[in-house]
>>> print(open('input19.pdb').read())   # PDB, C-alpha atoms
ATOM      1  CA  MET A   1     280.708 209.302 113.741
ATOM      2  CA  LEU A   2     280.750 212.914 114.917
ATOM      3  CA  MET A   3     282.239 211.829 118.198
ATOM      4  CA  CYS A   4     285.037 209.971 116.399
ATOM      5  CA  LYS A   5     285.775 213.068 114.303
ATOM      6  CA  HIS A   6     285.843 215.185 117.442
ATOM      7  CA  LEU A   7     288.300 212.842 119.140
ATOM      8  CA  CYS A   8     290.459 212.533 116.016
ATOM      9  CA  LYS A   9     290.751 216.298 115.651
ATOM     10  CA  LEU A  10     291.643 216.659 119.297
ATOM     11  CA  LEU A  11     294.198 213.867 119.050
ATOM     12  CA  ALA A  12     295.737 215.448 115.932
ATOM     13  CA  VAL A  13     296.149 218.751 117.749
ATOM     14  CA  VAL A  14     297.812 216.981 120.655
ATOM     15  CA  VAL A  15     300.221 215.089 118.373
ATOM     16  CA  CYS A  16     301.179 218.269 116.519
ATOM     17  CA  GLN A  17     301.832 220.029 119.777
ATOM     18  CA  LEU A  18     303.943 217.166 121.069
ATOM     19  CA  LEU A  19     306.003 217.086 117.843
ATOM     20  CA  ASN A  20     306.902 220.721 118.353
ATOM     21  CA  ARG A  21     310.515 220.497 119.477
ATOM     22  CA  ASN A  22     310.402 223.924 121.041
ATOM     23  CA  MET A  23     307.787 222.728 123.568
ATOM     24  CA  THR A  24     309.139 222.075 127.023
ATOM     25  CA  LEU A  25     308.405 218.861 128.894
ATOM     26  CA  ILE A  26     306.040 220.670 131.242
ATOM     27  CA  LYS A  27     304.038 222.026 128.303
ATOM     28  CA  GLN A  28     303.887 218.570 126.732
ATOM     29  CA  ILE A  29     302.551 217.108 129.976
ATOM     30  CA  THR A  30     300.010 219.929 130.165
ATOM     31  CA  VAL A  31     298.768 219.164 126.634
ATOM     32  CA  ILE A  32     298.390 215.470 127.495
ATOM     33  CA  LEU A  33     296.452 216.317 130.663
ATOM     34  CA  ILE A  34     294.136 218.636 128.727
ATOM     35  CA  PHE A  35     293.513 215.844 126.218
ATOM     36  CA  PHE A  36     292.531 213.319 128.874
ATOM     37  CA  ILE A  37     290.429 215.860 130.776
ATOM     38  CA  SER A  38     288.555 216.523 127.548
ATOM     39  CA  LEU A  39     287.976 212.805 127.131
ATOM     40  CA  SER A  40     286.740 212.435 130.715
ATOM     41  CA  GLN A  41     284.040 215.044 130.156
ATOM     42  CA  THR A  42     282.529 213.569 127.006
ATOM     43  CA  PHE A  43     278.773 212.817 127.098
ATOM     44  CA  VAL A  44     277.091 212.028 123.789
ATOM     45  CA  LEU A  45     273.626 210.735 122.905
ATOM     46  CA  ASP A  46     273.753 208.358 119.958
ATOM     47  CA  CYS A  47     270.214 208.493 118.540
ATOM     48  CA  GLU A  48     268.317 206.141 116.315
ATOM     49  CA  PHE A  49     265.766 208.546 114.874
ATOM     50  CA  ASP A  50     262.433 206.878 114.110
ATOM     51  CA  PRO A  51     258.694 207.392 114.590
ATOM     52  CA  ILE A  52     257.749 206.013 118.000
ATOM     53  CA  THR A  53     254.320 204.477 118.555
ATOM     54  CA  TRP A  54     253.645 202.668 121.796
ATOM     55  CA  ALA A  55     250.411 201.895 123.687
ATOM     56  CA  SER A  56     248.294 205.056 123.820
ATOM     57  CA  VAL A  57     251.191 207.316 122.821
ATOM     58  CA  PRO A  58     250.618 209.040 119.461
ATOM     59  CA  THR A  59     253.197 208.532 116.747
ATOM     60  CA  TYR A  60     256.048 210.880 117.546
ATOM     61  CA  TYR A  61     259.304 211.406 115.713
ATOM     62  CA  GLY A  62     261.722 210.347 118.399
ATOM     63  CA  CYS A  63     265.230 209.516 119.505
ATOM     64  CA  LYS A  64     265.996 206.027 120.819
ATOM     65  CA  ALA A  65     269.159 206.983 122.647
ATOM     66  CA  ASP A  66     272.329 205.139 123.547
ATOM     67  CA  VAL A  67     274.508 206.925 126.072
ATOM     68  CA  ILE A  68     278.198 207.370 125.284
ATOM     69  CA  HIS A  69     280.132 208.923 128.129
ATOM     70  CA  THR A  70     283.472 208.820 129.845
ATOM     71  CA  GLY A  71     282.583 210.993 132.804
ATOM     72  CA  SER A  72     279.734 213.155 134.041
ATOM     73  CA  VAL A  73     276.306 212.701 132.451
ATOM     74  CA  SER A  74     274.743 215.873 133.782
ATOM     75  CA  GLU A  75     275.019 217.808 130.510
ATOM     76  CA  ILE A  76     275.107 216.566 126.927
ATOM     77  CA  ASP A  77     278.134 217.486 124.814
ATOM     78  CA  ASN A  78     276.682 216.330 121.528
ATOM     79  CA  VAL A  79     273.900 214.364 119.843
ATOM     80  CA  ILE A  80     274.737 212.090 116.935
ATOM     81  CA  GLY A  81     272.638 209.966 114.621
ATOM     82  CA  GLU A  82     271.162 210.034 111.138
ATOM     83  CA  HIS A  83     267.876 211.908 110.744
ATOM     84  CA  TRP A  84     265.145 211.038 108.296
ATOM     85  CA  ASP A  85     264.978 213.214 105.192
ATOM     86  CA  ASP A  86     263.859 216.776 105.934
ATOM     87  CA  HIS A  87     264.032 216.101 109.690
ATOM     88  CA  ASN A  88     266.240 217.611 112.365
ATOM     89  CA  ASN A  89     266.506 217.880 116.140
ATOM     90  CA  THR A  90     263.748 220.484 116.376
ATOM     91  CA  LEU A  91     261.240 217.909 115.081
ATOM     92  CA  VAL A  92     262.105 215.362 117.770
ATOM     93  CA  GLU A  93     259.158 215.055 120.185
ATOM     94  CA  PHE A  94     259.993 211.873 122.088
ATOM     95  CA  ILE A  95     263.142 210.608 123.786
ATOM     96  CA  TYR A  96     263.417 206.942 124.706
ATOM     97  CA  VAL A  97     266.330 205.753 126.863
ATOM     98  CA  TYR A  98     266.518 201.971 127.241
ATOM     99  CA  ASN A  99     268.987 199.834 129.172
ATOM    100  CA  GLN A 100     271.486 202.643 129.726
ATOM    101  CA  THR A 101     273.078 204.297 132.750
ATOM    102  CA  LEU A 102     271.539 207.741 133.001
ATOM    103  CA  PRO A 103     270.391 208.521 136.569
ATOM    104  CA  ARG A 104     269.063 212.009 135.768
ATOM    105  CA  ILE A 105     267.478 213.783 132.832
ATOM    106  CA  PRO A 106     270.314 215.867 131.332
ATOM    107  CA  LEU A 107     270.153 219.525 132.306
ATOM    108  CA  ASN A 108     270.581 220.791 128.758
ATOM    109  CA  LEU A 109     268.358 218.282 126.947
ATOM    110  CA  LYS A 110     266.240 221.180 125.664
ATOM    111  CA  THR A 111     269.298 222.633 123.908
ATOM    112  CA  PHE A 112     269.284 219.692 121.520
ATOM    113  CA  PHE A 113     265.587 218.735 121.586
ATOM    114  CA  PRO A 114     263.512 221.856 122.331
ATOM    115  CA  ASN A 115     260.093 220.372 121.475
ATOM    116  CA  ILE A 116     259.916 217.231 123.590
ATOM    117  CA  LYS A 117     256.384 215.950 124.348
ATOM    118  CA  GLY A 118     257.224 212.472 125.612
ATOM    119  CA  ILE A 119     259.969 211.086 127.870
ATOM    120  CA  GLU A 120     260.614 207.446 128.731
ATOM    121  CA  TRP A 121     263.425 206.011 130.849
ATOM    122  CA  HIS A 122     263.412 202.201 130.725
ATOM    123  CA  SER A 123     265.836 200.152 132.842
ATOM    124  CA  SER A 124     268.280 203.059 132.807
ATOM    125  CA  LYS A 125     268.906 203.640 136.531
ATOM    126  CA  LEU A 126     266.848 206.827 136.768
ATOM    127  CA  GLN A 127     267.180 207.862 140.414
ATOM    128  CA  LYS A 128     265.575 211.275 140.537
ATOM    129  CA  VAL A 129     263.390 213.537 138.446
ATOM    130  CA  THR A 130     262.328 217.033 139.500
ATOM    131  CA  ALA A 131     260.086 219.830 138.323
ATOM    132  CA  GLU A 132     263.213 221.701 137.214
ATOM    133  CA  ASP A 133     264.159 218.771 134.965
ATOM    134  CA  LEU A 134     260.787 218.956 133.214
ATOM    135  CA  GLU A 135     260.337 222.741 133.245
ATOM    136  CA  PRO A 136     261.969 223.206 129.801
ATOM    137  CA  PHE A 137     259.179 221.105 128.250
ATOM    138  CA  PRO A 138     255.859 222.934 128.815
ATOM    139  CA  HIS A 139     254.152 220.830 126.125
ATOM    140  CA  LEU A 140     255.055 217.521 127.776
ATOM    141  CA  THR A 141     252.116 215.080 127.676
ATOM    142  CA  HIS A 142     253.707 211.664 128.305
ATOM    143  CA  PHE A 143     256.141 210.495 130.969
ATOM    144  CA  ALA A 144     257.198 206.915 131.678
ATOM    145  CA  SER A 145     259.635 205.147 133.979
ATOM    146  CA  PHE A 146     260.170 201.382 133.885
ATOM    147  CA  TYR A 147     262.370 199.400 136.242
ATOM    148  CA  ASN A 148     264.203 202.405 137.688
ATOM    149  CA  PRO A 149     265.124 203.055 141.360
ATOM    150  CA  LEU A 150     263.120 206.273 141.631
ATOM    151  CA  GLY A 151     261.913 205.721 145.183
ATOM    152  CA  SER A 152     259.827 208.897 145.374
ATOM    153  CA  LEU A 153     258.174 211.611 143.295
ATOM    154  CA  ASP A 154     257.916 215.247 144.344
ATOM    155  CA  GLY A 155     254.456 216.713 144.736
ATOM    156  CA  ASP A 156     255.267 219.530 142.322
ATOM    157  CA  LEU A 157     256.873 217.288 139.685
ATOM    158  CA  PHE A 158     254.533 218.341 136.870
ATOM    159  CA  LYS A 159     253.818 221.905 137.983
ATOM    160  CA  HIS A 160     255.265 223.208 134.691
ATOM    161  CA  ASN A 161     253.494 220.558 132.595
ATOM    162  CA  PRO A 162     249.716 221.098 132.883
ATOM    163  CA  ASN A 163     249.033 219.231 129.622
ATOM    164  CA  MET A 164     250.035 215.822 130.974
ATOM    165  CA  LEU A 165     247.825 213.057 129.574
ATOM    166  CA  TRP A 166     249.677 209.892 130.333
ATOM    167  CA  ILE A 167     251.857 208.857 133.307
ATOM    168  CA  TYR A 168     253.371 205.382 133.489
ATOM    169  CA  ILE A 169     255.558 204.653 136.545
ATOM    170  CA  TYR A 170     256.043 200.893 136.475
ATOM    171  CA  ASN A 171     258.127 198.934 138.971
ATOM    172  CA  SER A 172     260.138 201.989 139.977
ATOM    173  CA  SER A 173     260.384 201.321 143.734
ATOM    174  CA  LEU A 174     258.035 204.171 144.649
ATOM    175  CA  LYS A 175     257.621 204.548 148.396
ATOM    176  CA  SER A 176     256.142 208.035 148.467
ATOM    177  CA  ILE A 177     254.466 210.575 146.200
ATOM    178  CA  GLY A 178     254.091 214.232 147.158
ATOM    179  CA  GLU A 179     250.742 215.453 148.463
ATOM    180  CA  ASP A 180     249.993 217.851 145.583
ATOM    181  CA  PHE A 181     251.134 215.536 142.808
ATOM    182  CA  PHE A 182     247.827 215.772 140.904
ATOM    183  CA  SER A 183     246.945 219.373 141.790
ATOM    184  CA  ASN A 184     247.244 220.790 138.255
ATOM    185  CA  LEU A 185     246.854 217.582 136.227
ATOM    186  CA  ASN A 186     243.287 217.889 134.958
ATOM    187  CA  GLU A 187     243.729 216.352 131.503
ATOM    188  CA  LEU A 188     244.929 212.877 132.484
ATOM    189  CA  THR A 189     243.615 209.966 130.419
ATOM    190  CA  PHE A 190     245.844 207.156 131.691
ATOM    191  CA  LEU A 191     247.730 206.324 134.892
ATOM    192  CA  ASN A 192     249.821 203.266 135.660
ATOM    193  CA  PHE A 193     251.589 202.835 138.999
ATOM    194  CA  GLU A 194     251.832 199.048 138.987
ATOM    195  CA  LYS A 195     254.478 197.060 140.875
ATOM    196  CA  ASN A 196     255.574 199.873 143.190
ATOM    197  CA  LEU A 197     256.153 199.647 146.932
ATOM    198  CA  CYS A 198     253.334 201.941 148.036
ATOM    199  CA  ILE A 199     250.885 201.422 145.173
ATOM    200  CA  ASN A 200     250.076 198.775 142.593
ATOM    201  CA  ALA A 201     247.259 199.924 140.339
ATOM    202  CA  VAL A 202     246.323 201.140 136.868
ATOM    203  CA  ALA A 203     243.553 203.509 135.723
ATOM    204  CA  LYS A 204     242.159 203.893 132.209
ATOM    205  CA  THR A 205     238.859 205.742 132.680
ATOM    206  CA  PRO A 206     238.022 209.052 134.410
ATOM    207  CA  SER A 207     236.363 207.286 137.344
ATOM    208  CA  GLU A 208     239.287 204.872 137.720
ATOM    209  CA  ILE A 209     241.743 207.789 137.573
ATOM    210  CA  GLU A 210     239.951 209.618 140.392
ATOM    211  CA  LYS A 211     239.890 206.424 142.446
ATOM    212  CA  LEU A 212     243.612 205.842 141.873
ATOM    213  CA  LYS A 213     244.401 209.435 142.849
ATOM    214  CA  SER A 214     242.661 208.841 146.180
ATOM    215  CA  GLN A 215     244.536 205.581 146.717
ATOM    216  CA  ILE A 216     247.869 207.277 146.035
ATOM    217  CA  ARG A 217     247.085 210.116 148.455
ATOM    218  CA  LEU A 218     246.230 207.535 151.099
ATOM    219  CA  LYS A 219     248.961 204.954 150.530
ATOM    220  CA  CYS A 220     251.884 207.008 149.216
ATOM    221  CA  SER A 221     251.769 210.074 151.420
ATOM    222  CA  PRO A 222     255.306 211.065 152.506
ATOM    223  CA  LEU A 223     256.167 210.280 156.102
ATOM    224  CA  ASN A 224     256.279 213.596 157.947
ATOM    225  CA  THR A 225     256.814 212.330 161.506
ATOM    226  CA  PRO A 226     260.408 213.117 162.563
ATOM    227  CA  LYS A 227     262.398 210.500 164.439
ATOM    228  CA  PRO A 228     263.059 211.309 168.124
ATOM    229  CA  GLU A 229     266.516 212.736 168.566
ATOM    230  CA  THR A 230     266.879 212.419 172.336
ATOM    231  CA  VAL A 231     265.867 209.981 175.074
ATOM    232  CA  ASP A 232     263.336 212.474 176.444
ATOM    233  CA  GLU A 233     261.798 212.981 173.018
ATOM    234  CA  PHE A 234     261.717 209.252 172.498
ATOM    235  CA  TRP A 235     260.057 208.735 175.916
ATOM    236  CA  ASN A 236     257.500 211.463 175.222
ATOM    237  CA  HIS A 237     256.828 209.927 171.848
ATOM    238  CA  PHE A 238     256.405 206.524 173.514
ATOM    239  CA  LYS A 239     254.009 207.935 176.136
ATOM    240  CA  THR A 240     252.012 209.625 173.417
ATOM    241  CA  MET A 241     251.781 206.352 171.549
ATOM    242  CA  LYS A 242     250.747 204.569 174.767
ATOM    243  CA  GLU A 243     248.019 207.141 175.407
ATOM    244  CA  ASN A 244     246.842 206.738 171.841
ATOM    245  CA  VAL A 245     246.746 202.970 172.265
ATOM    246  CA  LEU A 246     244.742 203.281 175.511
ATOM    247  CA  GLU A 247     242.390 205.721 173.852
ATOM    248  CA  LEU A 248     241.955 203.343 170.949
ATOM    249  CA  ALA A 249     241.306 200.493 173.406
ATOM    250  CA  GLN A 250     238.625 202.582 175.140
ATOM    251  CA  LEU A 251     237.070 203.462 171.819
ATOM    252  CA  ASN A 252     237.187 199.811 170.850
ATOM    253  CA  HIS A 253     235.410 198.857 174.108
ATOM    254  CA  GLU A 254     232.735 201.485 173.523
ATOM    255  CA  LEU A 255     232.356 200.277 169.981
ATOM    256  CA  GLU A 256     231.925 196.691 171.186
ATOM    257  CA  MET A 257     229.205 197.828 173.626
ATOM    258  CA  LYS A 258     227.456 199.697 170.844
ATOM    259  CA  VAL A 259     227.690 196.630 168.659
ATOM    260  CA  LYS A 260     226.158 194.498 171.423
ATOM    261  CA  GLU A 261     223.328 196.991 171.874
ATOM    262  CA  LEU A 262     222.745 197.103 168.174
ATOM    263  CA  SER A 263     222.929 193.321 168.050
ATOM    264  CA  SER A 264     220.229 193.076 170.723
ATOM    265  CA  GLU A 265     218.077 195.596 168.884
ATOM    266  CA  VAL A 266     218.613 193.747 165.646
ATOM    267  CA  LYS A 267     217.603 190.455 167.284
ATOM    268  CA  THR A 268     214.434 192.082 168.641
ATOM    269  CA  LEU A 269     213.719 193.547 165.244
ATOM    270  CA  ILE A 270     214.232 190.163 163.598
ATOM    271  CA  LYS A 271     211.846 188.555 166.124
ATOM    272  CA  ASN A 272     209.246 191.229 165.422
ATOM    273  CA  VAL A 273     209.655 190.688 161.723
ATOM    274  CA  LYS A 274     209.211 186.942 162.166
ATOM    275  CA  ASP A 275     206.077 187.519 164.274
ATOM    276  CA  GLN A 276     204.733 189.886 161.673
ATOM    277  CA  LYS A 277     205.511 187.333 159.025
ATOM    278  CA  LYS A 278     203.551 184.679 160.930
ATOM    279  CA  THR A 279     200.621 187.074 161.244
ATOM    280  CA  ILE A 280     200.802 187.830 157.552
ATOM    281  CA  VAL A 281     200.839 184.107 156.770
ATOM    282  CA  LYS A 282     197.749 183.593 158.948
ATOM    283  CA  TYR A 283     195.945 186.379 157.161
ATOM    284  CA  GLU A 284     197.015 184.948 153.832
ATOM    285  CA  ILE A 285     195.501 181.580 154.804
ATOM    286  CA  ARG A 286     192.282 183.265 155.912
ATOM    287  CA  PHE A 287     192.139 185.292 152.758
ATOM    288  CA  THR A 288     192.664 182.164 150.671
ATOM    289  CA  LYS A 289     189.813 180.375 152.449
ATOM    290  CA  LEU A 290     187.568 183.394 152.098
ATOM    291  CA  GLU A 291     188.446 183.687 148.442
ATOM    292  CA  ARG A 292     187.606 180.008 147.951
ATOM    293  CA  LYS A 293     184.244 180.485 149.680
ATOM    294  CA  ILE A 294     183.509 183.511 147.556
ATOM    295  CA  ARG A 295     184.318 181.572 144.451
ATOM    296  CA  GLU A 296     182.108 178.676 145.603
ATOM    297  CA  SER A 297     179.313 181.111 146.487
ATOM    298  CA  ASN A 298     179.594 182.771 143.106
ATOM    299  CA  LEU A 299     179.399 179.354 141.434
ATOM    300  CA  ILE A 300     176.230 178.433 143.340
ATOM    301  CA  ASN A 301     174.658 181.757 142.462
ATOM    302  CA  SER A 302     175.573 181.238 138.844
ATOM    303  CA  ILE A 303     173.921 177.809 138.892
ATOM    304  CA  LYS A 304     170.788 179.241 140.539
ATOM    305  CA  VAL A 305     170.553 181.971 137.955
ATOM    306  CA  ALA A 306     171.021 179.484 135.132
ATOM    307  CA  VAL A 307     168.355 177.130 136.529
ATOM    308  CA  THR A 308     165.950 180.020 137.062
ATOM    309  CA  GLU A 309     166.470 181.235 133.531
ATOM    310  CA  ALA A 310     166.000 177.699 132.187
ATOM    311  CA  LEU A 311     162.761 177.179 134.177
ATOM    312  CA  THR A 312     161.465 180.562 133.076
ATOM    313  CA  SER A 313     162.123 179.712 129.456
ATOM    314  CA  LEU A 314     160.449 176.313 129.894
ATOM    315  CA  PHE A 315     157.423 177.893 131.561
ATOM    316  CA  ASP A 316     157.109 180.404 128.725
ATOM    317  CA  LEU A 317     157.214 177.558 126.215
ATOM    318  CA  LEU A 318     154.488 175.645 128.074
ATOM    319  CA  ILE A 319     152.224 178.686 128.196
ATOM    320  CA  SER A 320     152.729 179.273 124.502
ATOM    321  CA  PHE A 321     151.953 175.612 123.797
ATOM    322  CA  PHE A 322     148.741 175.638 125.842
ATOM    323  CA  LYS A 323     147.621 178.842 124.125
ATOM    324  CA  LYS A 324     148.030 177.195 120.772
ATOM    325  CA  LEU A 325     146.040 174.128 121.918
ATOM    326  CA  ILE A 326     143.190 176.219 123.270
ATOM    327  CA  SER A 327     143.160 178.343 120.162
ATOM    328  CA  PHE A 328     143.011 175.217 118.019
ATOM    329  CA  PHE A 329     140.182 173.475 119.862
ATOM    330  CA  VAL A 330     138.095 176.468 120.948
ATOM    331  CA  ASN A 331     138.719 178.473 117.823
ATOM    332  CA  ILE A 332     139.777 181.597 119.692
ATOM    333  CA  PRO A 333     142.616 183.690 118.322
ATOM    334  CA  GLU A 334     145.790 183.119 120.249
ATOM    335  CA  ASN A 335     146.389 186.816 120.840
ATOM    336  CA  GLU A 336     143.037 187.084 122.669
ATOM    337  CA  LEU A 337     143.816 184.445 125.243
TER     338      LEU A 337
END
>>> encode(input="input19.pdb", output="structure tokens")
Amino acid sequence: MLMCKHLCKLLAVVVCQLLNRNMTLIKQITVILIFFISLSQTFVLDCEFDPITWASVPTYYGCKADVIHTGSVSEIDNVIGEHWDDHNNTLVEFIYVYNQTLPRIPLNLKTFFPNIKGIEWHSSKLQKVTAEDLEPFPHLTHFASFYNPLGSLDGDLFKHNPNMLWIYIYNSSLKSIGEDFFSNLNELTFLNFEKNLCINAVAKTPSEIEKLKSQIRLKCSPLNTPKPETVDEFWNHFKTMKENVLELAQLNHELEMKVKELSSEVKTLIKNVKDQKKTIVKYEIRFTKLERKIRESNLINSIKVAVTEALTSLFDLLISFFKKLISFFVNIPENEL
């Protein structure tokens, strides 16, 4: 609506100027050119202002932006859209650009939205993002890119954004990520670099995040080797590669010899272990036999003791019986016998 008003006012001025009979033809042409130049430089964000909640992102009051432009999209001319009651641009904390053509983050985005905490470019042809693009937003915590031809990320991308919690770079054709990309990002809680050329992984826990950082450093390190510019440089580069290959072959041969030696030692060790195992088995058999004999011996001793005790008891009974008989027939007290 604001854009239409802007164009209508401009058009009215042009018509009034053209109706001025005192204006020369050259001046009329100049007015027309100014009008079309003004049109060619129009870049407006048409926002649908709503709370945005997505995945682990907190609920932010945000702008879901459509891009209206007839020329350069480096700097925004105006932002239009109907805010919620008691809301304005200063309360906008998230900008979401979906299915648009906006290859860079506008240079003056902070002018309209000074308190951005989250940025997402989805299928909007984002080609490049730099630390300077994000510098105006020191409280940035969330950044996402989906289906954009980014290709690479600078190592210092978030040097002005130490509070980053959540980075989601999905299917954005990443081939390289700068060496110091994570140097000041100590608060991260979520990383997703799935479906990229150099990395395809996601991390949701501190241990997974540290592991993914290591993978990115290993797999996405920028290529620093310059291409040879002359035949001599190319030949020297080739000879260096050949020497490296020969050195690797020598190392491989030495490694194979070491493996053979270790294999022989391992075989000997296995044989010794088997021999020891046989010896242990023999001793186990002997121990079992000895244990059986001990048990049998203990059983015999137990029987002997039981028989002895039984005979002793029987003998005591017989003696007592004979004492009673003698005492009965001889008339002698039993305790005197």
>>> closest_residue(input="input19.pdb", among="A:Leu185, A:Ile177, A:Leu248, A:Ile52", to="Ile199 (chain A)", atoms="only C-alpha atoms")
A:Ile177
>>> residues_around(input="input19.pdb", residues="region 220-222 of chain A", least_positions_apart="4", cutoff="8 Å", atoms="all atoms listed in the file", output="PyMOL selection string")
chain A and resi 175-179+198-199+215-216
>>> residues_around(input="input19.pdb", residues="Val73 (chain A)", least_positions_apart="5", cutoff="10 Å", atoms="all atoms listed in the file", output="list in words")
Gln41, Thr42, Phe43, Val44, Val67, Ile68, Thr101, Leu102, Pro103, Arg104, Ile105, Pro106 and Leu107 of chain A
>>> resolve_selection(input="input19.pdb", expression="the PyMOL selection byres ((chain A and resi 138) around 12)", output="NGL selection string")
:A and (110 or 114-118 or 131-137 or 139-142 or 158-164)
>>> write_last_selection(input="input19.pdb", atoms="C-alpha atoms", output="compact mmCIF listing (two decimals), keeping the file's coordinate frame")
# COMPACT_ATOMS: atom_id res chain seq x y z
CA LYS A 110 266.24 221.18 125.66
CA PRO A 114 263.51 221.86 122.33
CA ASN A 115 260.09 220.37 121.48
CA ILE A 116 259.92 217.23 123.59
CA LYS A 117 256.38 215.95 124.35
CA GLY A 118 257.22 212.47 125.61
CA ALA A 131 260.09 219.83 138.32
CA GLU A 132 263.21 221.70 137.21
CA ASP A 133 264.16 218.77 134.96
CA LEU A 134 260.79 218.96 133.21
CA GLU A 135 260.34 222.74 133.24
CA PRO A 136 261.97 223.21 129.80
CA PHE A 137 259.18 221.10 128.25
CA HIS A 139 254.15 220.83 126.12
CA LEU A 140 255.06 217.52 127.78
CA THR A 141 252.12 215.08 127.68
CA HIS A 142 253.71 211.66 128.30
CA PHE A 158 254.53 218.34 136.87
CA LYS A 159 253.82 221.90 137.98
CA HIS A 160 255.26 223.21 134.69
CA ASN A 161 253.49 220.56 132.60
CA PRO A 162 249.72 221.10 132.88
CA ASN A 163 249.03 219.23 129.62
CA MET A 164 250.04 215.82 130.97
>>> atom_distance(input="input19.pdb", atom1="CA of Tyr96 (chain A)", atom2="CA of Leu174 (chain A)")
20.8 Å
>>> atom_distance(input="input19.pdb", atom1="CA of Lys219 (chain A)", atom2="CA of Tyr170 (chain A)")
16.3 Å
>>> residues_near_point(input="input19.pdb", point="(255.7, 200.4, 136.8)", cutoff="7 Å", atoms="all atoms listed in the file", output="list in words")
Ser145, Phe146, Tyr147, Tyr168, Ile169, Tyr170, Asn171, Ser172, Asn192, Phe193, Glu194, Lys195 and Asn196 of chain A
>>> resolve_selection(input="input19.pdb", expression="the PyMOL selection byres ((chain A and resi 206) around 12)", output="VMD selection string")
chain A and resid 165 186 to 191 202 to 205 207 to 213
>>> atom_distance(input="input19.pdb", atom1="CA of Lys128 (chain A)", atom2="CA of Asn148 (chain A)")
9.4 Å
>>> residues_around(input="input19.pdb", residues="Val79 (chain A)", least_positions_apart="2", cutoff="10 Å", atoms="all atoms listed in the file", output="NGL selection string")
:A and (2-3 or 43-47 or 63 or 65 or 67-68 or 76-77 or 81 or 89 or 109 or 112-113)
>>> write_last_selection(input="input19.pdb", atoms="C-alpha atoms", output="PDB file, keeping the file's coordinate frame")
ATOM      1  CA  LEU A   2     280.750 212.914 114.917  1.00  0.00           C
ATOM      2  CA  MET A   3     282.239 211.829 118.198  1.00  0.00           C
ATOM      3  CA  PHE A  43     278.773 212.817 127.098  1.00  0.00           C
ATOM      4  CA  VAL A  44     277.091 212.028 123.789  1.00  0.00           C
ATOM      5  CA  LEU A  45     273.626 210.735 122.905  1.00  0.00           C
ATOM      6  CA  ASP A  46     273.753 208.358 119.958  1.00  0.00           C
ATOM      7  CA  CYS A  47     270.214 208.493 118.540  1.00  0.00           C
ATOM      8  CA  CYS A  63     265.230 209.516 119.505  1.00  0.00           C
ATOM      9  CA  ALA A  65     269.159 206.983 122.647  1.00  0.00           C
ATOM     10  CA  VAL A  67     274.508 206.925 126.072  1.00  0.00           C
ATOM     11  CA  ILE A  68     278.198 207.370 125.284  1.00  0.00           C
ATOM     12  CA  ILE A  76     275.107 216.566 126.927  1.00  0.00           C
ATOM     13  CA  ASP A  77     278.134 217.486 124.814  1.00  0.00           C
ATOM     14  CA  GLY A  81     272.638 209.966 114.621  1.00  0.00           C
ATOM     15  CA  ASN A  89     266.506 217.880 116.140  1.00  0.00           C
ATOM     16  CA  LEU A 109     268.358 218.282 126.947  1.00  0.00           C
ATOM     17  CA  PHE A 112     269.284 219.692 121.520  1.00  0.00           C
ATOM     18  CA  PHE A 113     265.587 218.735 121.586  1.00  0.00           C
TER      19      PHE A 113
END
>>> residues_around(input="input19.pdb", residues="Ile119 (chain A)", least_positions_apart="2", cutoff="6 Å", atoms="only C-alpha atoms", output="JSON list (two decimals) with C-alpha atoms, keeping the file's coordinate frame")
[["chain", "number", "residue", "atom", "x", "y", "z"],
["A", 94, "PHE", "CA", 259.99, 211.87, 122.09],
["A", 95, "ILE", "CA", 263.14, 210.61, 123.79],
["A", 143, "PHE", "CA", 256.14, 210.50, 130.97]]
>>> resolve_selection(input="input19.pdb", expression="the PyMOL selection byres ((chain A and resi 98) around 7)", output="PyMOL selection string")
chain A and resi 96-97+99-100+121-124
